[in-house]
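Novice: There's a structure below that I have some questions on.
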Amino acid sequence: MKAVDIVVELETAYLFIEIKNFDDPSAFDTRVFEDDDETMKQKRDHFKWLKNYLKYKFRDSYLYRHAEQKTDKPIHYLCLLNLDNAMNTVMWKALNREIPIGIPSSRWLRKLAESCQVVNLERWNHNFPKWPAVYAAKGAE
């Protein structure tokens, strides 16, 4: 089981934050038509892998926090990816369906997550001006 990169406890909510900076973000872009069917298959496979990776990071983190009895506040899942806005929107839609966000059936009494956002650095800084982010240079950890 794997956890998200950062868990933030606020007065009224928890934030699960996952950060990914890919060397080749275009490897996940399934919107661009490719003449090569194999290239498109690879891109779809990469996108599916990333979607599942992000989904399971959230779910595993939720299970950890549930076991600690720390799911008593709304949870917001924030994914900071270096994909363009359009690809982040595609990923956001997929994650919202698969986590799922909200209460998906009448049998559920609680939400797993209040919200899910998938943003790049520019959108992160626009949406969260109190928590500005920058990419560190490689090797500057």
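In the structure tokens, chains take letters A, B, ... by order of appearance, with residues numbered from 1 within each chain and ligands from 1 in the order shown.
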Can you list every residue in range 31-84 of chain A that DSSP puts in strand (DSSP E), as a PyMOL selection string?

Specialist: chain A and resi 75-81

Novice: Taking the backbone alone, and naming residues the way the document does, which bits of range 20-123 of chain A are alpha helix (DSSP H) by DSSP, as an MDAnalysis selection string?

Specialist: chainID A and resid 37:67 85:98 121:123

Novice: Write out as a list in words each polymer residue whose atoms come within 10 Å of Leu78 in chain A, counting only C-alpha atoms; drop sequence neighbours fewer than 3 positions from it.

Specialist: Val4, Ile6, Leu15, Phe16, Ile17, Glu18, Ile19, Phe58, Ile75, Leu81, Trp92, Ser115, Cys116, Gln117, Val118, Val119 and Trp124 of chain A

Novice: Report the closest atom pair, with its distance in Å rounded to one decimal, for each residue of range 72-93 of chain A that has an atom no farther than 7 Å from range 20-28 of chain A; count only C-alpha atoms, sort by chain and then rising residue number, and write it as a Markdown table.

Specialist:
```
| residue | atom | partner | partner_atom | distance |
| --- | --- | --- | --- | --- |
| A:Leu80 | CA | A:Lys20 | CA | 6.3 |
| A:Leu81 | CA | A:Lys20 | CA | 4.9 |
| A:Asn82 | CA | A:Asn21 | CA | 5.3 |
| A:Leu83 | CA | A:Pro25 | CA | 5.7 |
```

Novice: Now that the selection is made, can you save its residues with C-alpha atoms as a compact mmCIF listing (two decimals), in the first residue's frame?

Specialist:
```
# COMPACT_ATOMS: atom_id res chain seq x y z
CA LEU A 80 -0.33 18.49 -8.85
CA LEU A 81 0.78 17.13 -12.24
CA ASN A 82 2.91 18.70 -14.94
CA LEU A 83 0.31 17.98 -17.63
```

Novice: Leaving out Arg97 in chain A and any residue of its chain fewer than 6 positions from it, which residues lie within 12 Å of it when counting only C-alpha atoms, given as a VMD selection string?

Specialist: chain A and resid 51 to 52 55 90 to 91 103 to 104 113 115 to 116

Novice: Those residues you just picked out, can you put them in a file as a CSV table (one decimal), in the first residue's frame with C-alpha atoms?

Specialist:
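Contents of result_22.csv, as written:
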```csv
chain,number,residue,atom,x,y,z
A,51,LYS,CA,-5.2,7.2,-13.4
A,52,ASN,CA,-5.0,3.9,-11.4
A,55,LYS,CA,-6.8,6.4,-7.6
A,90,VAL,CA,-9.5,14.5,-18.6
A,91,MET,CA,-7.7,13.0,-15.6
A,103,ILE,CA,-22.1,9.6,-2.4
A,104,PRO,CA,-22.4,7.2,-5.3
A,113,ALA,CA,-13.8,12.6,-0.6
A,115,SER,CA,-13.6,17.0,-3.9
A,116,CYS,CA,-10.8,16.1,-6.2
```

Novice: Mind checking which residues fall within 12 Å of Asp29 in chain A, counting only C-alpha atoms, ignoring those fewer than 2 positions away in the same chain, and posting them as an NGL selection string?

Specialist: :A and (24-27 or 31-34 or 39-48 or 50 or 82-91)

Novice: Any idea what the distance is between CA of Leu95 in chain A and CA of Glu114 in chain A?

Specialist: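 Computing it gives 12.7 Å between the two atoms.
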